[in-house]
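A.B. asks: Below is the file run_18.cif, which contains mmCIF, C-alpha atoms.
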data_coords
loop_
_atom_site.label_atom_id
_atom_site.label_comp_id
_atom_site.auth_asym_id
_atom_site.auth_seq_id
_atom_site.Cartn_x
_atom_site.Cartn_y
_atom_site.Cartn_z
CA ARG C 20 56.70 -46.44 -23.24
CA SER C 21 57.83 -44.77 -20.04
CA ALA C 22 55.38 -43.59 -17.41
CA ARG C 23 56.50 -40.00 -18.01
CA TRP C 24 55.80 -40.33 -21.77
CA ARG C 25 52.31 -41.66 -21.02
CA ARG C 26 51.62 -38.83 -18.56
CA ASP C 27 52.84 -36.25 -21.07
CA HIS C 28 50.64 -37.58 -23.84
CA ARG C 29 47.64 -37.96 -21.54
CA SER C 30 48.12 -34.31 -20.56
CA ARG C 31 48.05 -33.27 -24.20
CA ALA C 32 44.89 -35.32 -24.78
CA VAL C 33 43.22 -33.58 -21.83
CA ASP C 34 44.28 -30.20 -23.21
CA ALA C 35 42.76 -31.04 -26.58
CA ALA C 36 39.41 -31.73 -24.89
CA ARG C 37 39.37 -28.46 -22.95
CA PRO C 38 37.55 -25.34 -24.16
CA ALA C 39 39.83 -22.87 -25.92
CA GLY C 40 39.35 -20.30 -23.17
CA ALA C 41 40.64 -22.70 -20.55
CA LEU C 42 43.84 -23.22 -22.51
CA LYS C 43 44.41 -19.50 -22.90
CA ALA C 44 44.33 -19.12 -19.14
CA ARG C 45 47.42 -21.29 -18.79
CA THR C 46 50.76 -19.54 -18.56
CA VAL C 47 52.99 -20.16 -21.57
CA ALA C 48 56.73 -19.68 -21.19
CA GLU C 49 58.57 -17.50 -23.69
CA TYR C 50 61.03 -20.27 -24.60
CA THR C 51 60.27 -23.98 -24.91
CA LEU C 52 63.23 -26.36 -25.03
CA HIS C 53 62.64 -29.95 -26.14
CA CYS C 54 65.14 -31.93 -24.10
CA PHE C 55 65.85 -34.79 -21.72
CA ALA C 56 68.12 -34.98 -18.71
CA GLN C 57 70.77 -37.33 -20.12
CA SER C 58 71.49 -35.11 -23.14
CA GLY C 59 74.55 -32.92 -22.73
CA ASN C 60 73.72 -31.27 -26.04
CA ALA C 61 70.34 -30.22 -24.67
CA TYR C 62 72.03 -29.07 -21.46
CA LYS C 63 74.00 -26.45 -23.42
CA PRO C 64 71.02 -24.21 -24.29
CA ALA C 65 69.19 -25.20 -21.09
CA LEU C 66 72.09 -23.84 -19.06
CA ALA C 67 72.19 -20.64 -21.11
CA LEU C 68 68.49 -20.07 -20.47
CA GLN C 69 68.86 -20.95 -16.78
CA LEU C 70 71.86 -18.72 -16.09
CA ALA C 71 70.26 -15.81 -17.92
CA GLY C 72 67.10 -16.12 -15.81
CA ALA C 73 65.00 -16.51 -18.97
CA ASP C 74 61.32 -17.42 -18.97
CA TRP C 75 61.63 -20.96 -20.29
CA THR C 76 60.17 -24.40 -19.87
CA PRO C 77 61.60 -27.83 -20.68
CA ARG C 78 59.46 -30.20 -22.73
CA PHE C 79 60.46 -33.80 -22.03
CA VAL C 80 61.47 -35.87 -25.05
CA ASP C 81 61.34 -39.62 -24.45
CA TYR C 82 64.49 -40.40 -26.40
CA PHE C 83 65.02 -43.82 -24.83
CA GLY C 84 61.39 -44.67 -25.61
CA GLY C 85 61.91 -43.88 -29.29
CA GLU C 86 60.06 -40.56 -29.47
CA THR C 87 62.65 -38.89 -31.73
CA LYS C 88 61.95 -41.56 -34.38
CA THR C 89 58.22 -40.83 -34.54
CA PRO C 90 56.64 -38.93 -37.45
CA ALA C 91 55.37 -36.27 -35.04
CA TYR C 92 58.87 -35.54 -33.75
CA ARG C 93 60.42 -35.71 -37.23
CA ALA C 94 57.90 -33.06 -38.28
CA LEU C 95 59.37 -30.87 -35.54
CA ASN C 96 62.99 -31.76 -36.36
CA ALA C 97 63.72 -33.75 -39.52
CA MET C 98 67.13 -34.68 -38.07
CA GLY C 99 65.42 -36.53 -35.23
CA GLU C 100 67.65 -35.02 -32.58
CA VAL C 101 67.54 -33.09 -29.32
CA PRO C 102 67.59 -30.18 -28.50
CA VAL C 103 64.92 -28.18 -30.30
CA LEU C 104 64.07 -24.62 -29.24
CA GLU C 105 60.75 -22.92 -29.92
CA HIS C 106 60.65 -19.15 -29.53
CA ARG C 107 58.33 -16.54 -31.06
CA GLY C 108 57.32 -18.65 -34.01
CA ARG C 109 60.82 -19.97 -34.69
CA THR C 110 61.84 -23.59 -34.36
CA LEU C 111 65.59 -24.12 -34.10
CA ALA C 112 67.67 -27.30 -33.92
CA GLN C 113 71.35 -28.08 -33.25
CA SER C 114 72.85 -26.83 -29.99
CA GLY C 115 75.40 -24.51 -31.62
CA VAL C 116 72.73 -22.77 -33.71
CA ILE C 117 70.48 -22.45 -30.66
CA LEU C 118 73.30 -21.00 -28.55
CA ASP C 119 74.10 -18.47 -31.28
CA TYR C 120 70.43 -17.49 -31.42
CA LEU C 121 70.17 -17.20 -27.63
CA ALA C 122 73.21 -14.93 -27.48
CA GLY C 123 71.21 -12.49 -29.59
CA SER C 124 67.76 -12.95 -28.07
CA LEU C 125 69.01 -12.93 -24.48
CA GLY C 126 71.59 -10.22 -25.11
CA ARG C 127 74.15 -12.24 -23.16
CA TYR C 128 77.08 -14.60 -23.72
CA GLY C 129 77.76 -13.41 -27.27
CA PRO C 130 80.87 -11.93 -28.92
CA ARG C 131 81.98 -8.33 -28.49
CA ASP C 132 83.42 -7.99 -31.99
CA ASP C 133 84.14 -9.93 -35.17
CA ASP C 134 87.47 -11.27 -33.93
CA GLU C 135 85.81 -12.67 -30.82
CA ARG C 136 82.94 -14.06 -32.92
CA ARG C 137 85.39 -16.03 -35.04
CA GLU C 138 87.25 -17.29 -31.98
CA ILE C 139 83.98 -18.44 -30.41
CA LEU C 140 83.04 -20.14 -33.69
CA ARG C 141 86.45 -21.84 -33.84
CA TRP C 142 85.99 -23.43 -30.43
CA LEU C 143 82.32 -24.25 -31.06
CA LEU C 144 83.26 -26.21 -34.17
CA TRP C 145 86.11 -27.93 -32.33
CA ASP C 146 83.76 -28.83 -29.48
CA ASN C 147 81.17 -30.38 -31.78
CA HIS C 148 83.72 -32.27 -33.85
CA LYS C 149 86.24 -33.31 -31.21
CA LEU C 150 85.28 -32.86 -27.57
CA THR C 151 81.53 -33.43 -27.45
CA SER C 152 81.47 -36.07 -30.19
CA TYR C 153 84.06 -38.29 -28.51
CA THR C 154 83.09 -37.55 -24.91
CA ALA C 155 79.37 -38.08 -25.48
CA THR C 156 79.90 -41.33 -27.36
CA TYR C 157 82.34 -42.64 -24.76
CA ARG C 158 79.99 -41.75 -21.92
CA PHE C 159 77.00 -43.33 -23.72
CA MET C 160 78.90 -46.57 -24.28
CA ARG C 161 80.23 -46.61 -20.73
CA ALA C 162 77.08 -45.63 -18.80
CA LEU C 163 74.00 -46.05 -20.98
CA ALA C 164 74.56 -48.68 -23.68
CA LYS C 165 74.06 -52.40 -23.24
CA ASP C 166 77.07 -54.59 -24.02
CA PRO C 167 79.27 -52.00 -25.75
CA ASP C 168 82.24 -53.17 -27.78
CA PRO C 169 85.28 -52.93 -25.46
CA GLY C 170 87.67 -52.01 -28.25
CA ALA C 171 85.46 -49.25 -29.59
CA MET C 172 84.88 -47.90 -26.09
CA ALA C 173 88.61 -47.83 -25.40
CA GLU C 174 89.24 -45.95 -28.65
CA PHE C 175 86.59 -43.34 -27.90
CA GLY C 176 87.98 -42.96 -24.39
CA LYS C 177 91.44 -42.32 -25.82
CA ARG C 178 90.08 -39.70 -28.23
CA ALA C 179 88.04 -38.02 -25.50
CA ARG C 180 91.10 -37.76 -23.25
CA ALA C 181 93.07 -36.23 -26.11
CA ALA C 182 90.38 -33.55 -26.45
CA TRP C 183 90.38 -32.93 -22.68
CA THR C 184 94.15 -32.47 -22.85
CA VAL C 185 93.78 -29.80 -25.54
CA LEU C 186 91.13 -27.99 -23.51
CA ASP C 187 93.13 -28.21 -20.28
CA ALA C 188 96.19 -26.70 -21.95
CA HIS C 189 94.10 -23.89 -23.45
CA LEU C 190 92.44 -23.05 -20.13
CA ALA C 191 95.71 -22.91 -18.19
CA GLY C 192 96.00 -19.30 -17.04
CA ARG C 193 92.54 -18.44 -18.41
CA ARG C 194 89.22 -17.99 -16.66
CA TYR C 195 87.08 -18.72 -19.72
CA VAL C 196 87.54 -20.32 -23.12
CA VAL C 197 87.33 -17.05 -25.07
CA GLY C 198 87.92 -13.61 -23.63
CA ASP C 199 87.52 -12.64 -20.00
CA ARG C 200 83.89 -13.58 -19.43
CA LEU C 201 81.37 -16.39 -19.87
CA THR C 202 80.29 -16.93 -23.49
CA ILE C 203 78.24 -19.47 -25.40
CA VAL C 204 81.36 -21.50 -26.11
CA ASP C 205 81.87 -22.18 -22.39
CA LEU C 206 78.25 -23.32 -22.23
CA SER C 207 78.80 -25.55 -25.26
CA ILE C 208 82.05 -27.17 -24.18
CA CYS C 209 80.86 -27.95 -20.65
CA GLY C 210 77.78 -29.82 -21.93
CA TYR C 211 78.94 -33.33 -21.08
CA LEU C 212 81.69 -32.58 -18.59
CA PHE C 213 79.47 -32.48 -15.50
CA PHE C 214 78.73 -36.20 -16.05
CA ASP C 215 82.20 -36.96 -14.69
CA ASP C 216 81.07 -39.98 -12.68
CA GLU C 217 79.50 -41.56 -15.76
CA ILE C 218 82.52 -40.66 -17.90
CA GLY C 219 84.81 -42.08 -15.24
CA VAL C 220 87.13 -39.10 -15.10
CA ASP C 221 88.69 -37.35 -12.13
CA TRP C 222 89.01 -33.72 -13.21
CA ASN C 223 91.82 -33.26 -10.68
CA ALA C 224 93.98 -34.84 -13.38
CA PHE C 225 93.06 -31.86 -15.60
CA PRO C 226 93.47 -28.96 -13.14
CA ALA C 227 92.59 -26.14 -15.52
CA ILE C 228 89.36 -27.87 -16.56
CA ASP C 229 88.60 -28.61 -12.91
CA ALA C 230 88.98 -24.93 -11.94
CA TRP C 231 86.93 -23.80 -14.95
CA LEU C 232 84.08 -26.19 -14.14
CA ALA C 233 84.09 -24.98 -10.54
CA ARG C 234 83.86 -21.43 -11.88
CA LEU C 235 80.81 -22.35 -13.94
CA LYS C 236 79.22 -24.08 -10.94
CA SER C 237 79.61 -20.86 -8.95
CA GLU C 238 77.36 -18.97 -11.38
CA PRO C 239 74.04 -17.94 -9.82
CA ARG C 240 71.24 -20.34 -10.84
CA TRP C 241 73.65 -23.06 -12.03
CA LYS C 242 72.17 -26.55 -11.92
CA HIS C 243 73.45 -29.98 -12.86
CA PRO C 244 71.79 -31.38 -16.01
CA TYR C 245 69.93 -33.98 -13.96
CA ALA C 246 68.42 -31.20 -11.84
CA LEU C 247 67.73 -28.86 -14.75
CA MET C 248 65.98 -31.09 -17.29
CA PRO C 249 63.30 -33.79 -16.95
CA GLY C 250 63.89 -37.51 -17.31
CA HIS C 251 66.23 -38.50 -14.49
CA PRO C 252 66.33 -41.10 -13.21
CA ARG C 253 65.34 -43.16 -16.22
CA PRO C 254 62.26 -45.32 -15.65
CA GLN C 255 62.88 -49.03 -15.30
CA ALA C 256 62.38 -50.95 -18.53
#
Please express what this file holds, its structure, as structure tokens.
C.D. replies:
Amino acid sequence: RSARWRRDHRSRAVDAARPAGALKARTVAEYTLHCFAQSGNAYKPALALQLAGADWTPRFVDYFGGETKTPAYRALNAMGEVPVLEHRGRTLAQSGVILDYLAGSLGRYGPRDDDERREILRWLLWDNHKLTSYTATYRFMRALAKDPDPGAMAEFGKRARAAWTVLDAHLAGRRYVVGDRLTIVDLSICGYLFFDDEIGVDWNAFPAIDAWLARLKSEPRWKHPYALMPGHPRPQA
């Protein structure tokens, strides 16, 4: 177990021993996001909450220590994945669902009409199936896995670059993925793209993506995933 996991669970044990009144005195954020710094999928809703200036707190999930496989975590999310959002009695999983929910609860980054809603959905589904799936797997094999299969890694790299090429062509002459403003689909698609050093990509080779990422970085309150969520750097094994 990591030192952070032990501290987190010790903190909860201390809380359990405190009088109820003492717990009530603690400030509770409106949104709680279960996440960890290396997860681009968790970064998607974390960035939405951050840019909107929402009252939120990250709750560290020790993914590399096996926490998502525990019965306690599976009771929270039967899929055993990150992110999970807790808000006003609701518990939501899957980044796309959470982003859709946040567009409504925050009153920001959502569609203006049904046509725009469908276009956002189109790119969200493409992101989850093509861009994030291949990019995240390639980055995990390249930067986080031990002894990855070279052939498999090369194939995922090829598929990721094909997805980047589609996105770069779409963004040419556009400021955002859909419409003329930031929406949840921008926040979804960018989830893993700020890990460029770990992916091993120079975004100068994809100039429209490069300009779009710079645009997102210029948003007030923007932070890199490693600065926004807990768990970086990873503790030594």
A.B. asks: Which residue, C:Arg240, C:Arg180, C:Arg193, C:Arg161, has the smallest gap to Glu217 (chain C) when you use only C-alpha atoms?
C.D. replies: C:Arg161
A.B. asks: Quick one: pull the distance between CA of Ala65 (chain C) and CA of Leu212 (chain C), Å, one decimal.
C.D. replies: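 For CA of Ala65 (chain C) relative to CA of Leu212 (chain C), the distance reads 14.7 Å.
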A.B. asks: I'd like the contact shell of Gly108 (chain C) - 12 Å cut-off, only C-alpha atoms, skipping same-chain residues fewer than 4 positions apart - returned as a list in words.
C.D. replies: Glu49, Tyr50, Thr51 and Leu104 of chain C
A.B. asks: In the coordinates of the file, take the point (80.8, -25.0, -28.6) and a cut-off of 9 Å; then, counting all atoms listed in the file, name each qualifying protein, DNA or RNA residue as a short mmCIF file (atom, residue, chain, number, x, y, z; two decimals) with C-alpha atoms, keeping the file's coordinate frame.
C.D. replies:
data_model
loop_
_atom_site.label_atom_id
_atom_site.label_comp_id
_atom_site.auth_asym_id
_atom_site.auth_seq_id
_atom_site.Cartn_x
_atom_site.Cartn_y
_atom_site.Cartn_z
CA LYS C 63 74.00 -26.45 -23.42
CA SER C 114 72.85 -26.83 -29.99
CA GLY C 115 75.40 -24.51 -31.62
CA LEU C 118 73.30 -21.00 -28.55
CA ILE C 139 83.98 -18.44 -30.41
CA LEU C 140 83.04 -20.14 -33.69
CA ARG C 141 86.45 -21.84 -33.84
CA TRP C 142 85.99 -23.43 -30.43
CA LEU C 143 82.32 -24.25 -31.06
CA LEU C 144 83.26 -26.21 -34.17
CA TRP C 145 86.11 -27.93 -32.33
CA ASP C 146 83.76 -28.83 -29.48
CA ASN C 147 81.17 -30.38 -31.78
CA THR C 151 81.53 -33.43 -27.45
CA ILE C 203 78.24 -19.47 -25.40
CA VAL C 204 81.36 -21.50 -26.11
CA ASP C 205 81.87 -22.18 -22.39
CA LEU C 206 78.25 -23.32 -22.23
CA SER C 207 78.80 -25.55 -25.26
CA ILE C 208 82.05 -27.17 -24.18
CA CYS C 209 80.86 -27.95 -20.65
CA GLY C 210 77.78 -29.82 -21.93
#
A.B. asks: Given all atoms listed in the file as the basis, pick out the residue of C:Ala122, C:Leu52, C:Leu150, C:Leu70 nearest to Val103 (chain C).
C.D. replies: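 The shortest atom-to-atom distance to Val103 (chain C) comes from C:Leu52.
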A.B. asks: With the PyMOL selection byres ((chain C and resi 59) around 8) as the selection, what would be picked from this file? Answer as a PyMOL selection string, please.
C.D. replies: chain C and resi 56-58+60-63+155+210-211+244
A.B. asks: Run the PyMOL selection byres ((chain C and resi 78) around 6) against the file shown and list the residues it catches, as a list of chain:residue names.
C.D. replies: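 Taken on the displayed file, the PyMOL selection byres ((chain C and resi 78) around 6) yields the residues C:Leu52, C:His53, C:Pro77, C:Phe79.
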A.B. asks: Give me, please, the distance in Å between CA of Asp119 (chain C) and CA of Tyr92 (chain C), quoted to one decimal.
C.D. replies: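 Straight-line distance from CA of Asp119 (chain C) to CA of Tyr92 (chain C) works out to 23.0 Å.
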A.B. asks: Could you list, as an NGL selection string, every residue matched by the PyMOL selection byres ((chain C and resi 219) around 10) in this structure?
C.D. replies: :C and (157-158 or 161-162 or 176 or 214-218 or 220-222)
A.B. asks: Report the distance between CA of Gly198 (chain C) and CA of Cys54 (chain C) in Å, rounded to one decimal place.
C.D. replies: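 For CA of Gly198 (chain C) relative to CA of Cys54 (chain C), the distance reads 29.2 Å.
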A.B. asks: Restricting the calculation to all atoms listed in the file, which member of C:Trp183, C:Asp74, C:Gly123, C:Leu68 is positioned closest to Ala224 (chain C)?
C.D. replies: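 Once distances to Ala224 (chain C) are computed over all atoms listed in the file, the minimum belongs to C:Trp183.
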A.B. asks: Tell me which protein, DNA and RNA residues are within 7 Å of region 227-235 of chain C, counting only C-alpha atoms, leaving out same-chain ones fewer than 6 positions away, and put them as a CSV table (one decimal) with C-alpha atoms, in the frame of the given file.
C.D. replies:
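Result written to around-v9.csv:
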chain,number,residue,atom,x,y,z
C,187,ASP,CA,93.1,-28.2,-20.3
C,190,LEU,CA,92.4,-23.0,-20.1
C,191,ALA,CA,95.7,-22.9,-18.2
C,194,ARG,CA,89.2,-18.0,-16.7
C,195,TYR,CA,87.1,-18.7,-19.7
